[in-house]
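Notes for the one structure printed next.
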Amino acid sequence: MNILILGSGGREHSLAWATLQNPKCDKLIVAPGNAGIAQIAECARLNIEDPGAVTEFAGENAIDLVIIGPEAPLAAGVADRLRESGILVFGPSAAAAQLESSKKFTKEICDAADAPQASWVAFNGPSGAHHYIEAVGAPIVVKADGLAAGKGVVVAMDEETAKAAVDEMFGGAFGEAGAEIVIEDFMQGEEASFFVLVDGETCLPIGTAQDHKRIGEGDTGPNTGGMGAYSPAPVMTDEVTQKALEEIVRPTMAEMARRGMPYQGVLYVGLMIENGQPRLVEYNVRFGDPECQVLMLRLGAQALDLMHACADGRLAEAQVTWAEDHAMTVVLAAEGYPGDYAKGTEIRGLDALPEDSFHMMFHAGTKAEGGKVLANGGRVLNATARGATLQEARDRAYRLVDAVDWPEGVHRRDIGWRALG
């Protein structure tokens, strides 16, 4: 098969790595890719949010399957155009992608499906939102309705912080994504990520993970796109997983199909679990980043078979084979992230790192220039490792971190603290 992956982050590097483990992959192109991806696959300059350009490129390169990494191309309708042209695509339609591109849409769908979630109210201006916050108090959660690159959520522990978040969102901090906001109840419990493949009819769970959103150790400081993750998530017992599938995922998918927008792709289910009961925090319509990195290291070659079956409507025949193993990824970010950070600093020592099914340094925000690898983003590298235990995976991941020579980089030393104590 000739395969095209859209995206340029650590998620896409891990998808490319897993795809290449499978002998069914004859040719792999990643657009636009990054310095790490360029070492294992052909990279192409392409506007991945332009449905026409992507479809034309796929046709010219005899692509059999397109795997869409980030959410923006999905919201732009890239999957729709590819399907109309008869090209297999892993990723939902723009209509179904509203499960991520609109918080209000998701809330309404889940209310109709009777899926457990936090109580919520939507606002299109600051005045009503401020009055609501004063009436209900804190802690409370403020969310930009649209896509905000994983950063449009503020968990406010006091009313002042909540009001400031409202003003920031309506003040244009997230552009059009903040033109409307959703305010919801604060949920107690432990958060986890649950990943399910859906082909319009069949729902197939493919793994669980927990990530660390905040920049600081002990889960302190501002939210980021994610500073590390591990899989599986201990809180996602068989019983909790089954409850999430039967009470949240399947009813939501049935409601989507009833509305004429059947879902096809990976569904990232963000959950809050308290006393064994899962409630929905949010849906994402693509693999999480950095959760994808740990899932791909654990799934390996079968990841391509599963994504292909999903795109082709054959999930009912598919099966996931899990090893009794664990994986962890630690994010190396540019100093200053998630605020202002410098680009262009040199990263040394990458050539000496092991690259096998137990150790991978997945690149995120990197570029190659003059024979050097330079930082080119906020989250820059993902030190990812697998082991028989989570502790073994952690030890291996941090050995990768410590072998990198990049003084301008920062990372957390406590990834996995909830599970390891």
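In the structure tokens, chains take letters A, B, ... by order of appearance, with residues numbered from 1 within each chain and ligands from 1 in the order shown.
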
Once DSSP has gone over the backbone, tell me which residues of stretch 139-335 of chain A are in strand (DSSP E or B), as a PyMOL selection string. chain A and resi 140-144+153-156+181-185+190-199+203-211+214-216+220-223+228-231+264-274+277-284+326-334

Could the residues in this selection be written to a file with C-alpha atoms, as a compact mmCIF listing (two decimals), in the first residue's frame?
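The result, stored in selection-v7.txt:
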# COMPACT_ATOMS: atom_id res chain seq x y z
CA ILE A 140 -15.55 25.77 37.56
CA VAL A 141 -14.34 24.99 34.02
CA VAL A 142 -14.30 27.53 31.17
CA LYS A 143 -13.86 26.26 27.60
CA ALA A 144 -13.55 27.99 24.25
CA VAL A 153 -9.64 25.12 28.58
CA VAL A 154 -9.22 26.79 31.98
CA VAL A 155 -9.91 24.88 35.19
CA ALA A 156 -10.57 27.81 37.51
CA ILE A 181 -17.74 29.56 25.28
CA VAL A 182 -19.02 26.70 27.39
CA ILE A 183 -18.90 26.82 31.19
CA GLU A 184 -19.31 23.52 32.97
CA ASP A 185 -19.26 22.07 36.45
CA GLU A 190 -9.03 10.88 38.12
CA GLU A 191 -8.69 11.70 34.44
CA ALA A 192 -7.89 9.13 31.76
CA SER A 193 -7.92 8.80 27.98
CA PHE A 194 -9.76 5.98 26.20
CA PHE A 195 -9.19 5.34 22.48
CA VAL A 196 -11.80 3.66 20.31
CA LEU A 197 -11.82 2.99 16.57
CA VAL A 198 -15.21 3.48 14.91
CA ASP A 199 -16.08 2.63 11.30
CA CYS A 203 -16.70 0.37 18.02
CA LEU A 204 -13.35 -1.27 18.79
CA PRO A 205 -11.39 -0.17 21.91
CA ILE A 206 -7.65 0.01 21.17
CA GLY A 207 -6.12 1.25 24.40
CA THR A 208 -6.01 3.60 27.38
CA ALA A 209 -3.54 6.21 28.57
CA GLN A 210 -3.06 9.01 31.06
CA ASP A 211 -1.34 12.25 30.20
CA ARG A 214 0.27 20.97 33.13
CA ILE A 215 3.76 22.34 32.64
CA GLY A 216 4.94 21.90 36.23
CA THR A 220 0.97 22.49 38.58
CA GLY A 221 1.10 25.60 36.40
CA PRO A 222 -0.66 26.37 33.13
CA ASN A 223 -2.14 23.76 30.80
CA GLY A 228 4.04 13.27 28.98
CA ALA A 229 1.85 10.17 29.00
CA TYR A 230 1.80 6.49 29.84
CA SER A 231 -0.23 3.45 28.81
CA GLN A 264 -15.40 6.98 11.11
CA GLY A 265 -11.91 7.19 12.60
CA VAL A 266 -10.34 7.18 16.04
CA LEU A 267 -12.36 8.62 18.89
CA TYR A 268 -10.30 9.97 21.78
CA VAL A 269 -12.56 9.84 24.84
CA GLY A 270 -11.40 12.05 27.70
CA LEU A 271 -12.90 10.70 30.92
CA MET A 272 -13.15 11.65 34.59
CA ILE A 273 -13.50 8.60 36.83
CA GLU A 274 -14.84 8.84 40.37
CA GLN A 277 -18.05 5.75 37.36
CA PRO A 278 -16.73 7.38 34.18
CA ARG A 279 -18.08 10.72 32.94
CA LEU A 280 -17.15 12.45 29.70
CA VAL A 281 -14.74 15.39 29.87
CA GLU A 282 -14.40 15.83 26.10
CA TYR A 283 -14.11 14.07 22.78
CA ASN A 284 -11.25 14.55 20.35
CA HIS A 326 3.70 -0.59 29.48
CA ALA A 327 4.92 2.49 27.67
CA MET A 328 5.81 6.05 28.70
CA THR A 329 6.68 9.21 26.83
CA VAL A 330 8.32 12.32 28.28
CA VAL A 331 7.99 15.60 26.39
CA LEU A 332 11.02 17.85 25.99
CA ALA A 333 9.81 21.40 25.42
CA ALA A 334 11.47 24.71 24.61

Distance table requested - stretch 174-289 of chain A against stretch 371-389 of chain A, cut-off 9 Å, only C-alpha atoms: one row per qualifying residue with the closest atom pair and its distance in Å to one decimal, ordered by chain and rising residue number, as CSV.
residue,atom,partner,partner_atom,distance
A:Gly225,CA,A:Arg379,CA,8.0
A:Gly226,CA,A:Arg379,CA,8.5
A:Met227,CA,A:Arg379,CA,8.1
A:Gly228,CA,A:Asn382,CA,8.0

Would you please extract all helix (DSSP H, G or I) residues from stretch 260-362 of chain A, as assigned by DSSP on the backbone, and give them as JSON, numbers by chain? {"A": [291, 292, 293, 294, 295, 296, 297, 298, 299, 302, 303, 304, 305, 306, 307, 308, 309, 310, 311, 315, 316, 317, 350, 351, 352]}

Please produce a file of those selected residues containing C-alpha atoms, as a compact mmCIF listing (two decimals), in the first residue's frame.
# COMPACT_ATOMS: atom_id res chain seq x y z
CA GLU A 291 -0.85 9.62 24.04
CA CYS A 292 -0.48 8.42 20.45
CA GLN A 293 3.24 7.91 20.98
CA VAL A 294 2.77 5.38 23.79
CA LEU A 295 -0.09 3.62 21.98
CA MET A 296 1.92 3.25 18.75
CA LEU A 297 4.96 1.88 20.56
CA ARG A 298 2.71 -0.75 22.18
CA LEU A 299 0.65 -1.55 19.05
CA GLN A 302 -0.87 -3.97 13.82
CA ALA A 303 -1.69 -0.25 14.05
CA LEU A 304 -1.75 -0.01 10.25
CA ASP A 305 -4.00 -3.06 9.89
CA LEU A 306 -6.44 -1.58 12.43
CA MET A 307 -6.53 1.87 10.79
CA HIS A 308 -6.95 0.28 7.36
CA ALA A 309 -9.85 -1.88 8.59
CA CYS A 310 -11.45 1.20 10.17
CA ALA A 311 -11.18 3.23 6.95
CA LEU A 315 -13.71 -3.31 12.05
CA ALA A 316 -16.14 -6.12 12.86
CA GLU A 317 -13.44 -8.55 11.63
CA LEU A 350 20.18 12.40 18.95
CA ASP A 351 22.28 10.24 16.62
CA ALA A 352 23.58 8.16 19.53

Would you mind telling me which residue in A:Leu245, A:Val404, A:Ala72, A:Val235 lies nearest to A:Ala419 when using only C-alpha atoms?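 For A:Ala419, the nearest of the given residues is A:Val235.
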
Looking at only C-alpha atoms, which of A:Val401, A:Ala368, A:Ala62, A:Leu15 is the one that sits closest to A:Ala38? A:Ala368

Go through A:Asp111, A:Asp145, A:Glu100, A:Glu180 one by one, measure the shortest atom-to-atom distance of each to A:Gly128 using only C-alpha atoms, and give the residue with the smallest value. A:Glu180

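You can rank A:Gly344, A:Gly200, A:Pro262, A:Gly146 by their closest distance to A:Thr106 using only C-alpha atoms, and at the top of that list sits A:Gly146.
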
A:Gln391 surroundings by only C-alpha atoms, 9 Å radius, close-in-sequence under 5 positions cut, as a ChimeraX atom specification: /A:326,396,416,420
